[in-house]
file structure-v2.tsv (TSV, C-alpha atoms)
chain	number	residue	atom	x	y	z
X	1	MET	CA	0.99	27.66	-16.20
X	2	ARG	CA	4.62	26.74	-15.69
X	3	ARG	CA	4.85	29.00	-12.65
X	4	LEU	CA	1.57	27.66	-11.26
X	5	TRP	CA	2.78	24.07	-11.60
X	6	ARG	CA	6.09	24.83	-9.87
X	7	GLN	CA	4.25	26.49	-6.99
X	8	ARG	CA	1.80	23.59	-6.61
X	9	LEU	CA	4.57	21.01	-6.82
X	10	ARG	CA	6.63	22.82	-4.18
X	11	GLN	CA	3.68	22.94	-1.77
X	12	HIS	CA	2.80	19.30	-2.45
X	13	ALA	CA	6.37	18.08	-1.92
X	14	LYS	CA	6.66	20.01	1.35
X	15	ALA	CA	3.43	18.51	2.72
X	16	GLN	CA	4.30	14.97	1.62
X	17	PHE	CA	7.80	15.15	3.05
X	18	LYS	CA	6.38	16.08	6.45
X	19	TYR	CA	4.23	12.94	6.54
X	20	LEU	CA	6.85	10.67	4.99
X	21	GLN	CA	9.23	11.51	7.82
X	22	LEU	CA	6.64	10.18	10.27
X	23	VAL	CA	5.69	7.13	8.21
X	24	PHE	CA	9.20	5.93	7.40
X	25	ASN	CA	10.47	5.97	10.96
X	26	ASP	CA	13.31	3.74	12.14
X	27	HIS	CA	11.01	0.84	13.02
X	28	PHE	CA	9.14	0.86	9.72
X	29	VAL	CA	12.30	1.18	7.65
X	30	LEU	CA	13.84	-1.74	9.54
X	31	VAL	CA	10.78	-3.85	8.83
X	32	LEU	CA	10.84	-2.89	5.15
X	33	VAL	CA	14.51	-3.79	4.79
X	34	ILE	CA	14.09	-7.18	6.43
X	35	LEU	CA	10.86	-7.79	4.54
X	36	LEU	CA	12.58	-7.00	1.24
X	37	GLY	CA	15.45	-9.32	2.11
X	38	ALA	CA	13.05	-12.11	3.03
X	39	LEU	CA	11.08	-11.66	-0.19
X	40	LEU	CA	14.24	-11.73	-2.29
X	41	TYR	CA	15.45	-14.83	-0.49
X	42	GLY	CA	12.09	-16.56	-0.89
X	43	TYR	CA	11.95	-15.55	-4.57
X	44	SER	CA	15.40	-17.02	-5.18
X	45	GLN	CA	14.37	-20.29	-3.54
X	46	VAL	CA	11.21	-20.48	-5.66
X	47	LEU	CA	13.22	-19.90	-8.85
X	48	LYS	CA	15.42	-22.90	-8.12
X	49	THR	CA	12.46	-25.28	-8.24
X	50	MET	CA	10.37	-23.55	-10.92
X	51	THR	CA	9.87	-25.23	-14.28
X	52	ALA	CA	8.06	-24.20	-17.46
X	53	THR	CA	4.31	-24.57	-16.94
X	54	TRP	CA	1.30	-23.33	-18.89
X	55	TRP	CA	0.23	-20.85	-16.20
X	56	LEU	CA	3.56	-19.04	-15.79
X	57	GLY	CA	3.15	-16.72	-18.78
X	58	PRO	CA	-0.46	-15.69	-18.00
X	59	ALA	CA	0.37	-15.21	-14.30
X	60	LEU	CA	3.42	-13.05	-15.06
X	61	ALA	CA	1.41	-10.99	-17.55
X	62	LEU	CA	-1.34	-10.48	-14.97
X	63	ILE	CA	1.18	-9.31	-12.35
X	64	LEU	CA	2.77	-6.85	-14.77
X	65	VAL	CA	-0.64	-5.46	-15.79
X	66	ALA	CA	-1.51	-5.01	-12.10
X	67	LEU	CA	1.71	-3.01	-11.69
X	68	LEU	CA	0.81	-0.98	-14.79
X	69	ALA	CA	-2.52	-0.09	-13.19
X	70	LEU	CA	-0.72	1.43	-10.21
X	71	GLY	CA	-0.06	5.14	-10.41
X	72	ARG	CA	-2.76	7.72	-11.03
X	73	LEU	CA	-2.40	11.06	-12.75
X	74	ALA	CA	-1.42	13.62	-10.09
X	75	THR	CA	-2.95	16.92	-11.22
X	76	LEU	CA	-2.58	18.67	-7.84
X	77	THR	CA	-5.74	20.65	-8.63
X	78	MET	CA	-7.88	22.32	-5.96
X	79	PRO	CA	-11.64	22.92	-5.70
X	80	ALA	CA	-11.22	26.66	-6.31
X	81	ASP	CA	-9.57	26.00	-9.67
X	82	ALA	CA	-12.94	25.25	-11.28
X	83	THR	CA	-13.87	28.91	-10.68
X	84	PHE	CA	-10.68	30.93	-10.85
X	85	LEU	CA	-8.92	29.01	-13.64
X	86	LEU	CA	-11.96	28.42	-15.82
X	87	PRO	CA	-10.99	31.24	-18.25
X	88	LYS	CA	-7.61	29.51	-18.68
X	89	SER	CA	-9.07	26.18	-19.81
X	90	ALA	CA	-7.47	26.45	-23.25
X	91	GLU	CA	-4.02	26.90	-21.69
X	92	PHE	CA	-4.46	24.39	-18.88
X	93	SER	CA	-3.35	21.48	-21.08
X	94	ARG	CA	0.25	22.70	-20.65
X	95	TYR	CA	-0.19	22.39	-16.89
X	96	LEU	CA	-1.56	18.87	-17.31
X	97	PHE	CA	1.40	17.88	-19.50
X	98	LYS	CA	3.75	18.79	-16.66
X	99	ALA	CA	1.55	16.90	-14.20
X	100	ARG	CA	1.69	13.84	-16.48
X	101	ARG	CA	5.49	13.92	-16.62
X	102	TYR	CA	5.65	14.20	-12.84
X	103	SER	CA	3.22	11.28	-12.48
X	104	LEU	CA	5.57	9.08	-14.53
X	105	LEU	CA	8.38	9.21	-11.98
X	106	LEU	CA	7.35	6.56	-9.44
X	107	PRO	CA	5.68	4.17	-11.95
X	108	VAL	CA	8.83	4.17	-14.08
X	109	ILE	CA	10.97	3.20	-11.08
X	110	LEU	CA	8.50	0.48	-10.11
X	111	LEU	CA	8.35	-0.95	-13.64
X	112	VAL	CA	12.15	-0.96	-13.98
X	113	PHE	CA	12.42	-3.05	-10.81
X	114	ALA	CA	9.59	-5.28	-12.05
X	115	THR	CA	11.47	-5.87	-15.30
X	116	ILE	CA	14.63	-6.78	-13.37
X	117	ALA	CA	12.61	-9.14	-11.17
X	118	ALA	CA	11.09	-10.80	-14.26
X	119	LEU	CA	14.53	-11.37	-15.82
X	120	PRO	CA	15.14	-14.80	-14.18
X	121	LEU	CA	11.73	-16.00	-15.39
X	122	LEU	CA	12.42	-15.35	-19.06
X	123	PRO	CA	14.69	-18.41	-19.59
X	124	ILE	CA	12.02	-20.57	-17.95
X	125	LEU	CA	9.61	-19.27	-20.62
X	126	LYS	CA	12.13	-20.36	-23.30
X	127	LEU	CA	13.15	-16.77	-24.02
X	128	GLY	CA	16.63	-15.32	-24.19
X	129	ALA	CA	17.14	-13.28	-21.05
X	130	LEU	CA	19.37	-10.60	-22.59
X	131	SER	CA	17.44	-10.33	-25.85
X	132	ALA	CA	14.01	-10.24	-24.19
X	133	VAL	CA	14.49	-8.05	-21.12
X	134	LEU	CA	15.12	-4.79	-23.00
X	135	PRO	CA	12.00	-5.05	-25.26
X	136	LEU	CA	9.95	-6.03	-22.20
X	137	GLY	CA	11.13	-2.99	-20.25
X	138	VAL	CA	10.51	-0.63	-23.18
X	139	ALA	CA	7.03	-2.12	-23.65
X	140	LEU	CA	6.11	-1.60	-20.00
X	141	LEU	CA	7.32	2.00	-20.02
X	142	ALA	CA	5.47	2.76	-23.26
X	143	LEU	CA	2.28	1.18	-21.93
X	144	LYS	CA	2.49	3.24	-18.72
X	145	ASP	CA	3.08	6.36	-20.78
X	146	SER	CA	-0.06	5.50	-22.77
X	147	ASP	CA	-1.95	4.84	-19.55
X	148	LEU	CA	-1.23	8.34	-18.26
X	149	TRP	CA	-2.22	9.85	-21.60
X	150	VAL	CA	-5.53	8.00	-21.41
X	151	GLN	CA	-6.07	9.25	-17.85
X	152	LEU	CA	-5.39	12.80	-19.00
X	153	LEU	CA	-7.70	12.49	-22.02
X	154	ALA	CA	-10.48	11.28	-19.72
X	155	PHE	CA	-10.82	14.91	-18.59
X	156	TYR	CA	-11.74	15.88	-22.19
X	157	PRO	CA	-14.66	13.49	-22.64
X	158	GLN	CA	-16.57	15.34	-25.37
X	159	ARG	CA	-14.05	14.84	-28.17
X	160	VAL	CA	-12.12	11.76	-27.09
X	161	PRO	CA	-13.50	8.57	-28.74
X	162	ARG	CA	-15.16	5.93	-26.61
X	163	TRP	CA	-12.54	3.32	-27.36
X	164	CYS	CA	-9.94	5.46	-25.58
X	165	ARG	CA	-10.64	3.96	-22.16
X	166	ARG	CA	-8.27	2.83	-19.44
X	167	TRP	CA	-9.84	-0.59	-18.89
X	168	LEU	CA	-9.57	-1.33	-22.60
X	169	LEU	CA	-5.91	-0.30	-22.61
X	170	LEU	CA	-5.17	-2.68	-19.72
X	171	ILE	CA	-6.89	-5.55	-21.54
X	172	VAL	CA	-4.84	-4.87	-24.68
X	173	ALA	CA	-1.69	-4.66	-22.53
X	174	TYR	CA	-2.44	-8.07	-21.00
X	175	LEU	CA	-3.01	-9.67	-24.41
X	176	ALA	CA	0.16	-8.05	-25.78
X	177	LEU	CA	2.23	-9.29	-22.82
X	178	LEU	CA	0.72	-12.75	-23.17
X	179	ALA	CA	1.62	-12.84	-26.88
X	180	GLY	CA	5.09	-11.55	-26.08
X	181	PHE	CA	5.74	-14.33	-23.57
X	182	TRP	CA	4.48	-16.86	-26.12
X	183	TRP	CA	6.62	-15.61	-29.04
X	184	HIS	CA	8.95	-12.76	-28.04
X	185	PRO	CA	8.61	-9.50	-26.02
X	186	ALA	CA	9.60	-7.60	-29.16
X	187	LEU	CA	6.01	-8.12	-30.29
X	188	THR	CA	4.75	-6.54	-27.05
X	189	MET	CA	7.13	-3.62	-27.57
X	190	CYS	CA	5.81	-3.02	-31.09
X	191	VAL	CA	2.20	-3.01	-29.88
X	192	ALA	CA	3.02	-0.68	-26.98
X	193	LEU	CA	4.89	1.78	-29.22
X	194	VAL	CA	2.08	1.82	-31.78
X	195	ILE	CA	-0.45	2.64	-29.04
X	196	ASP	CA	1.75	5.31	-27.47
X	197	LEU	CA	2.69	7.01	-30.74
X	198	GLY	CA	-0.90	6.79	-31.97
X	199	LEU	CA	-2.15	8.60	-28.88
X	200	ARG	CA	0.49	11.29	-29.26
X	201	TRP	CA	-0.38	11.71	-32.97
X	202	ARG	CA	-4.07	12.39	-32.25
X	203	LEU	CA	-3.42	14.36	-29.08
X	204	ASN	CA	-3.56	17.90	-30.50
X	205	GLU	CA	-6.78	17.14	-32.31
X	206	TRP	CA	-8.51	15.94	-29.15
X	207	LEU	CA	-7.24	18.75	-26.93
X	208	ALA	CA	-7.77	21.61	-29.37
X	209	PRO	CA	-11.34	22.49	-28.27
X	210	ALA	CA	-10.14	22.76	-24.66
X	211	GLU	CA	-13.40	21.24	-23.41
X	212	LEU	CA	-11.96	20.45	-20.01
X	213	ALA	CA	-14.16	18.73	-17.42
X	214	TRP	CA	-13.03	20.62	-14.33
X	215	LEU	CA	-15.24	19.01	-11.69
X	216	PRO	CA	-14.41	15.35	-12.56
X	217	MET	CA	-10.71	16.26	-12.65
X	218	ILE	CA	-10.87	17.90	-9.22
X	219	ASP	CA	-12.86	14.97	-7.80
X	220	ALA	CA	-10.30	12.49	-9.16
X	221	GLU	CA	-7.46	14.38	-7.51
X	222	ALA	CA	-9.38	14.56	-4.22
X	223	ARG	CA	-9.89	10.77	-4.27
X	224	ARG	CA	-6.22	10.20	-5.05
X	225	MET	CA	-5.05	12.37	-2.18
X	226	SER	CA	-7.64	10.82	0.14
X	227	ARG	CA	-6.13	7.37	-0.48
X	228	ILE	CA	-2.65	8.71	0.29
X	229	TYR	CA	-3.75	10.47	3.47
X	230	ARG	CA	-5.61	7.40	4.69
X	231	PHE	CA	-2.35	5.50	4.42
X	232	TYR	CA	-0.59	8.24	6.38
X	233	ASN	CA	-3.37	8.13	8.96
X	234	LEU	CA	-2.32	4.60	9.89
X	235	PHE	CA	0.88	6.05	11.32
X	236	THR	CA	0.03	9.58	12.41
X	237	ASP	CA	-2.90	11.98	12.76
X	238	VAL	CA	-3.79	13.75	9.53
X	239	PRO	CA	-5.74	17.03	10.01
X	240	GLY	CA	-9.23	16.72	8.62
X	241	LEU	CA	-8.97	12.95	8.29
X	242	SER	CA	-9.44	10.29	10.91
X	243	GLY	CA	-10.08	6.61	10.95
X	244	GLY	CA	-13.73	5.69	10.96
X	245	VAL	CA	-15.65	3.96	13.69
X	246	LYS	CA	-17.83	1.08	12.54
X	247	ARG	CA	-19.61	-1.60	14.48
X	248	ARG	CA	-18.72	-5.02	13.11
X	249	ARG	CA	-21.49	-7.28	14.30
X	250	TYR	CA	-19.58	-10.41	13.33
X	251	LEU	CA	-16.96	-9.43	15.95
X	252	ASP	CA	-19.46	-8.83	18.76
X	253	GLY	CA	-18.73	-12.29	20.11
X	254	PHE	CA	-15.17	-11.22	20.90
X	255	ALA	CA	-16.39	-8.00	22.50
X	256	HIS	CA	-18.76	-9.95	24.77
X	257	LEU	CA	-15.83	-11.93	26.18
X	258	VAL	CA	-15.21	-8.97	28.49
X	259	ALA	CA	-17.99	-8.90	31.05
X	260	LYS	CA	-19.39	-5.59	32.20
X	261	GLY	CA	-18.21	-4.39	35.56
X	262	GLN	CA	-16.53	-1.44	37.21
X	263	LYS	CA	-13.23	-3.28	37.53
X	264	ARG	CA	-13.18	-3.99	33.79
X	265	THR	CA	-14.40	-0.63	32.50
X	266	TRP	CA	-11.22	0.31	30.65
X	267	LEU	CA	-10.74	-3.18	29.24
X	268	TRP	CA	-14.36	-3.19	28.02
X	269	LEU	CA	-13.84	0.19	26.36
X	270	MET	CA	-10.46	-0.62	24.76
X	271	VAL	CA	-11.64	-3.93	23.32
X	272	ARG	CA	-14.49	-2.19	21.55
X	273	GLY	CA	-12.20	0.61	20.47
X	274	PHE	CA	-9.86	-1.90	18.86
X	275	LEU	CA	-12.64	-3.86	17.14
X	276	ARG	CA	-14.51	-0.83	15.83
X	277	ARG	CA	-11.81	1.69	14.91
X	278	THR	CA	-10.61	1.02	11.38
X	279	GLU	CA	-7.09	2.37	11.85
X	280	PHE	CA	-6.26	-0.28	14.47
X	281	ILE	CA	-7.99	-3.50	13.46
X	282	GLY	CA	-7.17	-2.88	9.79
X	283	LEU	CA	-3.49	-2.34	10.53
X	284	TYR	CA	-3.39	-5.36	12.84
X	285	VAL	CA	-4.93	-7.72	10.29
X	286	ARG	CA	-2.77	-6.46	7.43
X	287	LEU	CA	0.48	-6.84	9.36
X	288	VAL	CA	-0.43	-10.35	10.52
X	289	VAL	CA	-1.38	-11.45	7.00
X	290	ILE	CA	1.71	-9.91	5.40
X	291	GLY	CA	3.95	-11.45	8.05
X	292	ALA	CA	2.34	-14.88	7.64
X	293	VAL	CA	2.82	-14.75	3.86
X	294	VAL	CA	6.46	-13.74	4.21
X	295	ILE	CA	7.18	-16.49	6.77
X	296	ALA	CA	5.45	-19.01	4.49
X	297	LEU	CA	8.15	-18.29	1.87
X	298	VAL	CA	10.97	-19.00	4.33
X	299	ASP	CA	12.38	-22.45	5.05
X	300	GLN	CA	15.13	-21.42	7.47
X	301	TRP	CA	14.04	-21.64	11.12
X	302	TRP	CA	16.30	-18.84	12.34
X	303	LEU	CA	15.08	-16.44	9.64
X	304	ALA	CA	11.46	-17.30	10.43
X	305	ALA	CA	12.09	-16.65	14.12
X	306	LEU	CA	13.69	-13.30	13.32
X	307	LEU	CA	10.80	-12.27	11.07
X	308	ALA	CA	8.18	-13.38	13.61
X	309	ALA	CA	9.91	-11.42	16.37
X	310	LEU	CA	10.18	-8.36	14.14
X	311	PHE	CA	6.56	-8.43	13.01
X	312	THR	CA	5.31	-9.03	16.55
X	313	TYR	CA	7.27	-6.03	17.81
X	314	MET	CA	6.08	-3.93	14.86
X	315	ILE	CA	2.44	-4.81	15.59
X	316	GLY	CA	2.83	-3.95	19.26
X	317	PHE	CA	4.53	-0.64	18.46
X	318	GLN	CA	1.81	0.37	15.98
X	319	LEU	CA	-0.94	-0.44	18.51
X	320	LEU	CA	0.46	1.87	21.20
X	321	PRO	CA	-1.69	4.88	20.13
X	322	LEU	CA	-4.76	2.84	21.11
X	323	TYR	CA	-3.93	3.73	24.73
X	324	GLN	CA	-4.65	7.42	24.08
X	325	VAL	CA	-7.65	7.34	21.74
X	326	HIS	CA	-10.10	8.01	24.58
X	327	ASP	CA	-8.10	10.81	26.22
X	328	GLU	CA	-10.16	13.55	24.54
X	329	ILE	CA	-13.45	12.16	25.84
X	330	VAL	CA	-14.33	14.12	28.96
X	331	PHE	CA	-16.47	11.35	30.46
X	332	THR	CA	-13.44	9.11	30.92
X	333	TYR	CA	-12.15	11.59	33.51
X	334	LEU	CA	-15.46	11.52	35.41
X	335	TYR	CA	-15.58	7.77	36.00
X	336	PRO	CA	-14.74	6.81	39.61
X	337	LEU	CA	-12.01	4.40	38.54
X	338	ALA	CA	-8.62	3.57	39.97
X	339	VAL	CA	-5.69	5.27	38.25
X	340	THR	CA	-3.93	1.95	37.67
X	341	GLN	CA	-6.87	0.33	35.90
X	342	LYS	CA	-6.21	1.89	32.49
X	343	PRO	CA	-2.53	0.77	32.06
X	344	GLN	CA	-3.35	-2.68	33.43
X	345	ALA	CA	-6.24	-3.08	30.99
X	346	PHE	CA	-4.14	-1.98	28.05
X	347	LYS	CA	-1.28	-4.29	29.04
X	348	ARG	CA	-3.68	-7.21	29.18
X	349	LEU	CA	-5.27	-6.37	25.83
X	350	LEU	CA	-1.94	-5.80	24.09
X	351	GLY	CA	-0.54	-9.05	25.47
X	352	VAL	CA	-3.51	-11.06	24.17
X	353	LEU	CA	-3.36	-9.38	20.74
X	354	LEU	CA	0.37	-10.01	20.38
X	355	LEU	CA	0.03	-13.65	21.42
X	356	LEU	CA	-2.72	-14.09	18.83
X	357	ALA	CA	-0.52	-12.36	16.27
X	358	ALA	CA	2.34	-14.73	17.08
X	359	GLY	CA	0.01	-17.68	16.46
X	360	GLY	CA	-1.17	-16.15	13.18
X	361	LEU	CA	2.41	-15.61	12.00
X	362	ALA	CA	3.28	-19.22	12.81
X	363	CYS	CA	0.30	-20.41	10.75
X	364	GLY	CA	2.05	-19.05	7.69
X	365	ALA	CA	4.77	-21.66	8.08
X	366	LEU	CA	2.22	-24.39	8.82
X	367	ILE	CA	0.55	-23.77	5.47
X	368	SER	CA	3.79	-24.65	3.72
X	369	GLY	CA	4.24	-27.71	5.96
X	370	HIS	CA	7.40	-26.56	7.77
X	371	TRP	CA	6.84	-27.63	11.38
X	372	LEU	CA	10.26	-26.58	12.65
X	373	VAL	CA	9.93	-23.16	11.03
X	374	ALA	CA	6.42	-22.76	12.51
X	375	GLY	CA	7.62	-23.76	15.97
X	376	SER	CA	10.55	-21.35	15.92
X	377	ALA	CA	8.33	-18.52	14.67
X	378	LEU	CA	5.76	-19.23	17.40
X	379	VAL	CA	8.35	-19.31	20.18
X	380	ALA	CA	10.03	-16.13	18.99
X	381	GLY	CA	6.68	-14.36	18.65
X	382	ILE	CA	5.59	-15.37	22.16
X	383	ILE	CA	8.86	-14.20	23.68
X	384	VAL	CA	8.61	-10.80	21.98
X	385	ALA	CA	4.91	-10.52	22.90
X	386	ILE	CA	5.68	-11.08	26.57
X	387	ALA	CA	8.63	-8.69	26.46
X	388	VAL	CA	6.61	-5.92	24.78
X	389	ALA	CA	3.49	-6.25	26.94
X	390	TRP	CA	5.11	-6.86	30.34
X	391	TRP	CA	8.43	-5.03	30.04
X	392	TYR	CA	8.49	-2.43	27.24
X	393	LEU	CA	4.90	-1.22	27.66
X	394	PRO	CA	5.11	-0.20	31.36
X	395	THR	CA	8.29	1.76	30.59
X	396	ARG	CA	6.61	3.51	27.69
X	397	LEU	CA	3.48	4.33	29.67
X	398	ALA	CA	5.59	5.70	32.52
X	399	LYS	CA	7.18	8.17	30.07
X	400	LEU	CA	3.74	9.20	28.84
X	401	ALA	CA	2.61	9.80	32.42
X	402	VAL	CA	5.59	12.11	33.01
X	403	ARG	CA	4.64	14.19	29.97
call {"tool": "encode", "arguments": {"input": "structure-v2.tsv", "output": "structure tokens"}}
result
Amino acid sequence: MRRLWRQRLRQHAKAQFKYLQLVFNDHFVLVLVILLGALLYGYSQVLKTMTATWWLGPALALILVALLALGRLATLTMPADATFLLPKSAEFSRYLFKARRYSLLLPVILLVFATIAALPLLPILKLGALSAVLPLGVALLALKDSDLWVQLLAFYPQRVPRWCRRWLLLIVAYLALLAGFWWHPALTMCVALVIDLGLRWRLNEWLAPAELAWLPMIDAEARRMSRIYRFYNLFTDVPGLSGGVKRRRYLDGFAHLVAKGQKRTWLWLMVRGFLRRTEFIGLYVRLVVIGAVVIALVDQWWLAALLAALFTYMIGFQLLPLYQVHDEIVFTYLYPLAVTQKPQAFKRLLGVLLLLAAGGLACGALISGHWLVAGSALVAGIIVAIAVAWWYLPTRLAKLAVR
């Protein structure tokens, strides 16, 4: 089982690294760095004005429980395992133990950063920062360790008791965190350690019959990898996975703004492609919403302008593949259309979308009542939208034509 796990992990890491290189390109990394800086700056500004209120403890506990819920058990199993590894069910628990340890890596890093981020809030809750942060961190790590044990035990449903459920563990974790913020996180740490050690104590008894549910385990891994690949599919083509096409009737009014006619054939087609293909409209809406939220946390006009320009450029760059989505449809080559109609239609559509995005980003500052910040964000977004649609795009399309 040790050799099988090493082989699976090597294949998995190689495949993920290939996609991560495409996802974390220079543009996306730049956006992440600036976004992180803006969030840290906004968080520091919020801390300066924050006072002890009744909702702070419950809200912080809810956020930490949401972070605990992130991170599924990565078994790396395949559909054929249910047939070829079925005789090894009694020994497969050793494979799952290694998978559980591997699955702890990213959640542990996330929870360590969450504990550091929660450190400035502890004095506001009337807790000693240095005396409370270590028990809080240990409690979070122990609770995540218990969470992964519960996920593993879910594949042995015949002997595991009904109270050993993930949703129940998260409820107990929330109540323990709430009590810890009310008295002291040492109480949360004690509860978390009791749960974790109790699960480990009963572990051999529950796994001894080796009544492993192969098909639910394989289905769970397939759903986990499907979520990961759908994220990758926002940035690059994933073999065997593509964004869906769905008619959204509530958006038909926008589609009807483009009248039918031979001179507007490509514009008519691209508008519907944008509104109905999930990988484009979903990405567009998410980036606009995230950018608006980030700008709402900023009260410096120059920083808001920089963020608006960056998000507008990022949106335009991510929408460029929309130009080529119809290239594999043979009928598009049979239409008696002018060669220049397609780039002109895409330039017009991209310009409108980026101008709307600039307005949406500026609305984030308007929500917080910062008129100067909203104005600077709007102006910067409009300038970048014009530059991308009327200067950068023709250059990019000319390079595609050469290829």
call {"tool": "residues_around", "arguments": {"input": "structure-v2.tsv", "residues": "His12 in chain X", "least_positions_apart": "5", "cutoff": "12 Å", "atoms": "all atoms listed in the file", "output": "list in words"}}
result
Trp5, Arg6, Gln7, Phe17, Lys18, Tyr19, Ala74, Thr75, Leu76, Thr77, Met78, Tyr102 and Met225 of chain X
call {"tool": "atom_distance", "arguments": {"input": "structure-v2.tsv", "atom1": "CA of Leu212 in chain X", "atom2": "CA of Ser103 in chain X"}}
result
19.3 Å
call {"tool": "residues_around", "arguments": {"input": "structure-v2.tsv", "residues": "Met217 in chain X", "least_positions_apart": "4", "cutoff": "7 Å", "atoms": "only C-alpha atoms", "output": "ChimeraX atom specification"}}
result
/X:155,213,221
call {"tool": "residues_around", "arguments": {"input": "structure-v2.tsv", "residues": "Arg3 in chain X", "least_positions_apart": "3", "cutoff": "12 Å", "atoms": "all atoms listed in the file", "output": "list in words"}}
result
Arg6, Gln7, Arg8, Leu9, Arg10, Arg94, Tyr95 and Lys98 of chain X
call {"tool": "atom_distance", "arguments": {"input": "structure-v2.tsv", "atom1": "CA of Ile171 in chain X", "atom2": "CA of Leu134 in chain X"}}
result
22.1 Å
call {"tool": "decode", "arguments": {"input": "structure-v2.tsv", "residues": "range 98-152 of chain X", "atoms": "C-alpha atoms", "output": "compact mmCIF listing (two decimals), in the first residue's frame"}}
result
# COMPACT_ATOMS: atom_id res chain seq x y z
CA LYS X 98 -1.34 8.16 4.26
CA ALA X 99 -4.04 9.93 2.25
CA ARG X 100 -5.33 11.55 5.45
CA ARG X 101 -1.88 12.84 6.37
CA TYR X 102 -1.45 14.27 2.89
CA SER X 103 -4.88 15.92 3.10
CA LEU X 104 -3.81 17.75 6.27
CA LEU X 105 -1.10 19.78 4.52
CA LEU X 106 -3.07 22.65 2.96
CA PRO X 107 -5.70 22.94 5.75
CA VAL X 108 -2.96 23.22 8.36
CA ILE X 109 -1.31 26.08 6.46
CA LEU X 110 -4.68 27.82 6.05
CA LEU X 111 -5.57 27.45 9.73
CA VAL X 112 -2.17 28.73 10.86
CA PHE X 113 -2.69 31.90 8.82
CA ALA X 114 -6.26 32.16 10.13
CA THR X 115 -4.95 31.98 13.70
CA ILE X 116 -2.42 34.73 12.98
CA ALA X 117 -5.16 36.85 11.40
CA ALA X 118 -7.38 36.34 14.48
CA LEU X 119 -4.59 37.44 16.84
CA PRO X 120 -5.45 41.19 16.75
CA LEU X 121 -9.09 40.40 17.54
CA LEU X 122 -8.34 38.56 20.77
CA PRO X 123 -7.63 41.72 22.86
CA ILE X 124 -10.91 43.19 21.59
CA LEU X 125 -12.62 40.09 23.01
CA LYS X 126 -10.94 40.80 26.38
CA LEU X 127 -8.50 37.92 25.94
CA GLY X 128 -4.75 37.95 26.32
CA ALA X 129 -3.28 37.78 22.84
CA LEU X 130 -0.18 35.76 23.74
CA SER X 131 -1.94 33.43 26.18
CA ALA X 132 -4.92 32.77 23.90
CA VAL X 133 -3.41 32.45 20.42
CA LEU X 134 -1.52 29.19 21.07
CA PRO X 135 -4.54 27.29 22.54
CA LEU X 136 -6.68 28.62 19.68
CA GLY X 137 -4.22 27.38 17.06
CA VAL X 138 -3.90 23.96 18.71
CA ALA X 139 -7.69 23.69 18.93
CA LEU X 140 -8.14 24.46 15.24
CA LEU X 141 -5.50 21.93 14.20
CA ALA X 142 -6.98 19.24 16.46
CA LEU X 143 -10.48 19.91 15.14
CA LYS X 144 -9.27 19.65 11.53
CA ASP X 145 -7.48 16.42 12.38
CA SER X 146 -10.76 15.12 13.82
CA ASP X 147 -12.62 16.31 10.73
CA LEU X 148 -10.40 14.24 8.44
CA TRP X 149 -10.78 11.21 10.70
CA VAL X 150 -14.56 11.57 10.48
CA GLN X 151 -14.36 11.85 6.69
CA LEU X 152 -12.26 8.68 6.58
